[in-house]
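File shown: query05.txt. Contents: compact mmCIF, C-alpha atoms.
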# COMPACT_ATOMS: atom_id res chain seq x y z
CA MET A 1 0.00 0.00 0.00
CA THR A 2 1.42 3.38 -1.03
CA TRP A 3 1.51 6.50 1.11
CA SER A 4 -1.13 8.19 -1.05
CA GLU A 5 -3.45 5.29 -0.20
CA MET A 6 -2.55 5.30 3.48
CA GLN A 7 -2.93 9.03 4.05
CA PRO A 8 -6.73 9.36 3.77
CA LEU A 9 -7.22 6.25 5.90
CA LEU A 10 -4.89 7.53 8.62
CA SER A 11 -6.34 11.05 8.56
CA GLN A 12 -9.92 9.83 9.00
CA ALA A 13 -8.91 7.26 11.62
CA SER A 14 -6.96 9.87 13.62
CA TRP A 15 -9.93 12.24 13.58
CA ASP A 16 -12.29 9.44 14.65
CA THR A 17 -10.00 8.55 17.56
CA LEU A 18 -9.75 12.15 18.75
CA TYR A 19 -13.52 12.57 18.39
CA MET A 20 -14.29 9.49 20.47
CA VAL A 21 -11.69 10.22 23.12
CA GLY A 22 -12.58 13.91 23.37
CA TRP A 23 -16.28 13.36 23.98
CA ALA A 24 -15.69 10.40 26.29
CA ALA A 25 -13.16 12.40 28.34
CA LEU A 26 -15.57 15.32 28.65
CA ILE A 27 -18.36 13.05 29.87
CA ALA A 28 -15.95 11.28 32.23
CA VAL A 29 -14.89 14.57 33.83
CA VAL A 30 -18.48 15.82 34.16
CA GLY A 31 -19.60 12.53 35.70
CA GLY A 32 -16.49 11.48 37.58
CA LEU A 33 -15.60 14.78 39.30
CA PRO A 34 -18.76 15.04 41.45
CA LEU A 35 -18.71 11.29 42.03
CA GLY A 36 -15.13 11.39 43.34
CA ILE A 37 -15.84 14.39 45.55
CA LEU A 38 -18.96 12.66 46.88
CA LEU A 39 -16.86 9.64 47.84
CA VAL A 40 -14.73 11.92 50.02
CA LEU A 41 -17.59 13.91 51.52
CA THR A 42 -19.63 10.84 52.51
CA ASP A 43 -16.70 8.94 54.01
CA ARG A 44 -16.16 8.68 57.77
CA GLY A 45 -15.33 12.12 59.09
CA GLY A 46 -16.48 13.78 55.87
CA LEU A 47 -18.67 16.85 55.67
CA LEU A 48 -21.62 14.73 54.49
CA GLN A 49 -20.74 11.58 56.40
CA ASN A 50 -22.99 8.74 55.31
CA VAL A 51 -21.32 5.35 55.60
CA VAL A 52 -24.09 3.47 53.80
CA ALA A 53 -24.14 5.82 50.82
CA ASN A 54 -20.34 5.79 50.68
CA LYS A 55 -20.21 1.99 50.63
CA VAL A 56 -22.88 1.76 47.93
CA ILE A 57 -21.19 4.33 45.70
CA GLY A 58 -17.79 2.74 46.30
CA GLN A 59 -19.06 -0.71 45.37
CA VAL A 60 -20.68 0.55 42.18
CA VAL A 61 -17.44 2.27 41.21
CA ASN A 62 -15.40 -0.84 42.02
CA VAL A 63 -17.65 -3.14 40.00
CA ALA A 64 -17.60 -0.81 36.99
CA ARG A 65 -13.80 -0.56 37.17
CA SER A 66 -13.34 -4.33 37.46
CA LEU A 67 -14.98 -5.11 34.11
CA PRO A 68 -12.54 -5.52 31.21
CA PHE A 69 -13.38 -2.93 28.56
CA ILE A 70 -14.14 -5.46 25.82
CA ILE A 71 -16.71 -7.12 28.10
CA LEU A 72 -18.15 -3.75 29.08
CA MET A 73 -18.73 -2.89 25.41
CA VAL A 74 -20.65 -6.11 24.86
CA ALA A 75 -22.64 -5.71 28.09
CA LEU A 76 -23.68 -2.18 27.13
CA MET A 77 -24.75 -2.96 23.55
CA GLY A 78 -28.44 -2.69 24.37
CA PHE A 79 -27.95 0.57 26.24
CA THR A 80 -25.73 1.91 23.45
CA ARG A 81 -28.32 1.05 20.80
CA SER A 82 -31.07 2.78 22.79
CA LEU A 83 -28.99 5.99 22.95
CA THR A 84 -27.39 6.12 19.51
CA GLY A 85 -29.52 3.76 17.41
CA THR A 86 -26.52 1.59 16.54
CA THR A 87 -23.71 -0.39 18.15
CA ILE A 88 -20.99 0.37 15.58
CA GLY A 89 -19.24 3.56 14.64
CA ARG A 90 -17.58 6.31 16.63
CA GLU A 91 -20.79 7.69 18.18
CA ALA A 92 -21.68 4.26 19.54
CA ALA A 93 -18.16 3.79 20.93
CA ILE A 94 -18.44 6.95 23.01
CA VAL A 95 -21.04 5.31 25.29
CA PRO A 96 -18.90 2.42 26.64
CA LEU A 97 -15.81 4.62 26.61
CA ALA A 98 -17.51 7.18 28.85
CA VAL A 99 -19.12 4.58 31.11
CA GLY A 100 -15.77 2.87 31.59
CA ALA A 101 -13.90 6.13 32.21
CA ILE A 102 -16.28 7.69 34.76
CA PRO A 103 -15.46 5.31 37.66
CA PHE A 104 -11.78 5.32 36.68
CA PHE A 105 -11.65 9.11 36.86
CA ALA A 106 -13.78 9.20 40.02
CA ARG A 107 -11.18 7.18 41.94
CA LEU A 108 -8.42 9.49 40.74
CA VAL A 109 -10.47 12.49 41.86
CA GLU A 110 -11.02 10.88 45.25
CA THR A 111 -7.27 10.42 45.71
CA ALA A 112 -6.54 14.00 44.62
CA VAL A 113 -9.16 15.56 46.91
CA ARG A 114 -8.02 13.55 49.94
CA GLU A 115 -4.61 15.23 49.64
CA VAL A 116 -6.08 18.67 50.45
CA ASP A 117 -5.00 19.99 53.85
CA GLY A 118 -7.81 19.50 56.36
CA GLY A 119 -6.81 22.73 58.09
CA LEU A 120 -8.08 24.72 55.09
CA VAL A 121 -11.45 23.01 55.33
CA GLU A 122 -11.70 23.77 59.05
CA ALA A 123 -10.70 27.38 58.47
CA VAL A 124 -13.43 27.93 55.88
CA GLN A 125 -16.01 26.23 58.10
CA SER A 126 -15.01 28.45 61.03
CA MET A 127 -15.72 31.48 58.83
CA GLY A 128 -19.25 30.24 58.10
CA GLY A 129 -18.61 28.38 54.88
CA ASN A 130 -21.02 25.56 54.06
CA THR A 131 -20.25 22.31 52.25
CA TRP A 132 -20.69 23.83 48.79
CA THR A 133 -18.33 26.68 49.71
CA VAL A 134 -15.72 24.21 50.95
CA VAL A 135 -15.95 22.21 47.72
CA ARG A 136 -15.90 25.26 45.44
CA LYS A 137 -13.24 27.33 47.20
CA VAL A 138 -11.01 24.76 48.87
CA LEU A 139 -11.29 21.17 47.64
CA VAL A 140 -11.39 21.81 43.90
CA PRO A 141 -8.92 24.76 43.71
CA GLU A 142 -6.38 23.16 46.04
CA SER A 143 -6.47 19.81 44.23
CA LEU A 144 -6.54 21.30 40.73
CA PRO A 145 -2.96 20.34 39.73
CA SER A 146 -3.66 16.74 40.75
CA LEU A 147 -7.02 16.86 38.95
CA ILE A 148 -5.27 17.98 35.76
CA SER A 149 -2.86 15.06 36.07
CA SER A 150 -5.80 12.72 36.68
CA THR A 151 -7.54 14.02 33.56
CA THR A 152 -4.38 13.43 31.54
CA THR A 153 -4.13 9.87 32.84
CA THR A 154 -7.79 9.28 31.94
CA ILE A 155 -7.35 10.61 28.41
CA VAL A 156 -4.32 8.38 27.83
CA ALA A 157 -6.30 5.37 29.11
CA LEU A 158 -9.20 6.31 26.81
CA ILE A 159 -6.90 6.28 23.80
CA GLY A 160 -6.01 2.70 24.67
CA TYR A 161 -9.69 1.85 25.14
CA SER A 162 -10.56 3.44 21.78
CA ALA A 163 -7.98 1.27 20.04
CA MET A 164 -9.64 -1.75 21.63
CA ALA A 165 -13.05 -0.50 20.53
CA GLY A 166 -11.77 -0.56 16.95
CA THR A 167 -11.84 -4.35 17.07
CA VAL A 168 -15.65 -4.29 17.13
CA GLY A 169 -16.24 -1.71 14.43
CA ALA A 170 -15.85 1.54 16.34
CA GLY A 171 -13.45 2.99 13.80
CA GLY A 172 -10.34 4.97 14.64
CA LEU A 173 -6.69 4.00 14.62
CA GLY A 174 -7.36 0.70 16.39
CA ASP A 175 -9.67 -0.32 13.56
CA ILE A 176 -7.00 0.54 10.98
CA ALA A 177 -4.37 -1.49 12.85
CA ILE A 178 -6.65 -4.54 13.05
CA ARG A 179 -8.19 -4.47 9.57
CA TYR A 180 -5.09 -3.57 7.62
CA GLY A 181 -2.15 -4.38 9.84
CA TYR A 182 -3.38 -7.71 11.20
CA GLN A 183 -5.98 -9.07 8.79
CA ARG A 184 -4.37 -7.85 5.53
CA PHE A 185 -0.74 -8.08 6.65
CA GLU A 186 -0.03 -4.39 5.93
CA THR A 187 2.79 -4.28 8.44
CA GLN A 188 3.99 -0.84 7.39
CA LEU A 189 0.57 0.70 7.94
CA MET A 190 0.29 -0.96 11.34
CA TRP A 191 3.59 0.47 12.54
CA ILE A 192 2.67 3.93 11.26
CA THR A 193 -0.53 3.63 13.30
CA VAL A 194 1.47 2.68 16.36
CA ALA A 195 3.77 5.67 15.79
CA ILE A 196 0.81 8.05 15.50
CA LEU A 197 -0.67 6.73 18.75
CA ALA A 198 2.69 7.11 20.50
CA VAL A 199 3.06 10.71 19.30
CA VAL A 200 -0.50 11.63 20.29
CA ILE A 201 -0.10 10.13 23.75
CA SER A 202 3.25 11.86 24.25
CA LEU A 203 1.80 15.25 23.28
CA ILE A 204 -1.19 14.83 25.58
CA GLN A 205 1.04 13.74 28.47
CA PHE A 206 3.39 16.68 27.89
CA ALA A 207 0.50 19.17 27.79
CA GLY A 208 -1.06 17.71 30.92
CA ASP A 209 2.22 17.72 32.85
CA TYR A 210 2.95 21.29 31.78
CA ALA A 211 -0.51 22.49 32.84
CA ALA A 212 -0.25 20.73 36.21
CA ARG A 213 3.20 22.24 36.90
CA ALA A 214 2.00 25.70 35.88
CA LEU A 215 -1.02 25.52 38.18
CA HIS A 216 1.11 24.22 41.02
CA GLY A 217 3.54 27.07 40.57
CA ARG A 218 0.73 29.64 40.62
CA GLY A 219 -0.59 28.51 43.96
CA GLY A 220 -1.88 24.94 43.98
CA HIS A 221 -1.19 23.43 47.42
CA SER A 222 0.35 26.76 48.38
CA GLY A 223 -1.17 27.18 51.84
CA PRO A 224 -4.19 28.76 53.40
CA ALA A 225 -3.57 32.45 52.82
CA PRO A 226 -4.45 32.77 49.10
CA ARG A 227 -7.59 30.71 49.54
CA LEU A 228 -8.84 32.30 52.73
CA ARG A 229 -8.78 35.72 51.09
CA LEU A 230 -11.66 34.45 48.96
CA LEU A 231 -13.73 34.42 52.14
CA ARG A 232 -12.80 37.81 53.61
CA ALA A 233 -14.42 38.59 56.90
CA GLU A 234 -16.09 41.96 57.40
CA PRO A 235 -13.70 44.66 58.69
CA GLU A 236 -13.77 45.43 62.39
CA PRO A 237 -13.56 49.23 62.72
CA ALA A 238 -14.03 49.21 66.50
CA ARG A 239 -10.90 47.11 67.02
CA ALA A 240 -8.95 49.34 64.67
CA ASP A 241 -10.01 52.46 66.62
CA VAL A 242 -8.95 50.94 69.90
CA SER A 243 -5.52 50.07 68.53
CA LYS A 244 -5.07 53.64 67.27
CA ALA A 245 -6.07 55.11 70.60
CA ALA A 246 -3.51 52.90 72.34
Show me, as structure tokens, the structure contained in the file I just sent.
Amino acid sequence: MTWSEMQPLLSQASWDTLYMVGWAALIAVVGGLPLGILLVLTDRGGLLQNVVANKVIGQVVNVARSLPFIILMVALMGFTRSLTGTTIGREAAIVPLAVGAIPFFARLVETAVREVDGGLVEAVQSMGGNTWTVVRKVLVPESLPSLISSTTTTIVALIGYSAMAGTVGAGGLGDIAIRYGYQRFETQLMWITVAILAVVISLIQFAGDYAARALHGRGGHSGPAPRLRLLRAEPEPARADVSKAA
């Protein structure tokens, strides 16, 4: 197969892979972020302590994570068909990709949020902050560098999942590698596909690491002062007058 024949195949397959991974990653973040935070809040000693709810959510997440992706795709075929009207193609692949990534990302979020200094939480609570305020102004901002790294890890994992989805007609670079590289013995095309995947993953990892370092340098995990200024208390003029008189 000549390069002129490979190029349109690789271009379309690369776009299909990015399309699937992009949408699945977005859904995973939207679904996994609150789920991971909820696992922390409902745990023992959490702001919304509820042991029963925590155990139920944790078990659901564990079961979803334990399923191999190829089995998950087959198990979700009925659900996928009800949402997209088909079980093949890139739109159909987004469903199992997102379902598989949500619990994966949720556990990473849980780990990242647990690293936040408990003193910051207590400080915000002492100033009248409720649970939503703690989440919005302490837990998420302080764990943001770790959350960026978790998102990067999830995207890289989704690229691997998308290649696996190509074996059942999802399209993308995995489909090209199987149909042409394995079934038609187009070894050159297969190795080009592998090289493209390696470059894409390296670029995503580099971008994620750079963003996480930049956020960390600008104040992630930097201490209570920058965050507590978001919850300024009202000035106390009487105290100021007394100090001046003294």
Using only C-alpha atoms: which of A:Arg179, A:Arg213, A:Arg184, A:Arg65 has the shortest distance to A:Ile102: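 Closest to A:Ile102 of all the choices is A:Arg65.
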Residue nearest A:Ser149 - candidates A:Leu173, A:Val63, A:Ala13, A:Ile204, atoms counted: all atoms listed in the file: A:Ile204
Just want the 9 Å neighbourhood of stretch 75-90 of chain A, counted on all atoms listed in the file, with same-chain residues fewer than 2 positions away dropped. Output as a ChimeraX atom specification. /A:16-17,19-20,70-73,92-96,166,168-172
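The coordinates place atom CA of A:Asn54 at 5.4 Å from atom CA of A:Thr42.
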Report as a list in words all protein, DNA and RNA residues lying within 7 Å of A:Ile148, evaluated on only C-alpha atoms, omitting residues in the same chain fewer than 3 positions from it.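 Residues meeting the cut-off are Leu144, Pro145, Thr151, Thr152, Gly208 and Ala212 of chain A.
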Residues within 12 Å of A:Ser14, only C-alpha atoms, excluding chain neighbours under 2 positions, as number ranges by chain: A: 6-12, 16-22, 90, 159, 162-163, 166, 171-177, 192-197, 199-200
Distance in Å - atom CA of A:Gly181 versus atom CA of A:Ile201: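 Computing the Euclidean distance for atom CA of A:Gly181 and atom CA of A:Ile201 yields 20.2 Å.
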Identify the residues around (-20.9, 4.3, 55.6) within a radius of 10 Å, measuring from all atoms listed in the file in the coordinates stated by the file, and give them as a list of chain:residue names. A:Thr42, A:Asp43, A:Arg44, A:Gln49, A:Asn50, A:Val51, A:Val52, A:Ala53, A:Asn54, A:Lys55, A:Val56, A:Ile57, A:Gly58
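Closest approach to A:Val30 from the set A:Ala101, A:Ala207, A:Ala112, A:Val124 is made by A:Ala101, with distances taken over all atoms listed in the file.
Between A:Glu110 and the residues A:Phe185, A:His216, A:Leu26, A:Val140, the shortest atom-to-atom distance, using only C-alpha atoms, involves A:Val140.
As for atom CA of A:Ala165 and atom CA of A:Leu147, they are spaced 26.0 Å apart.
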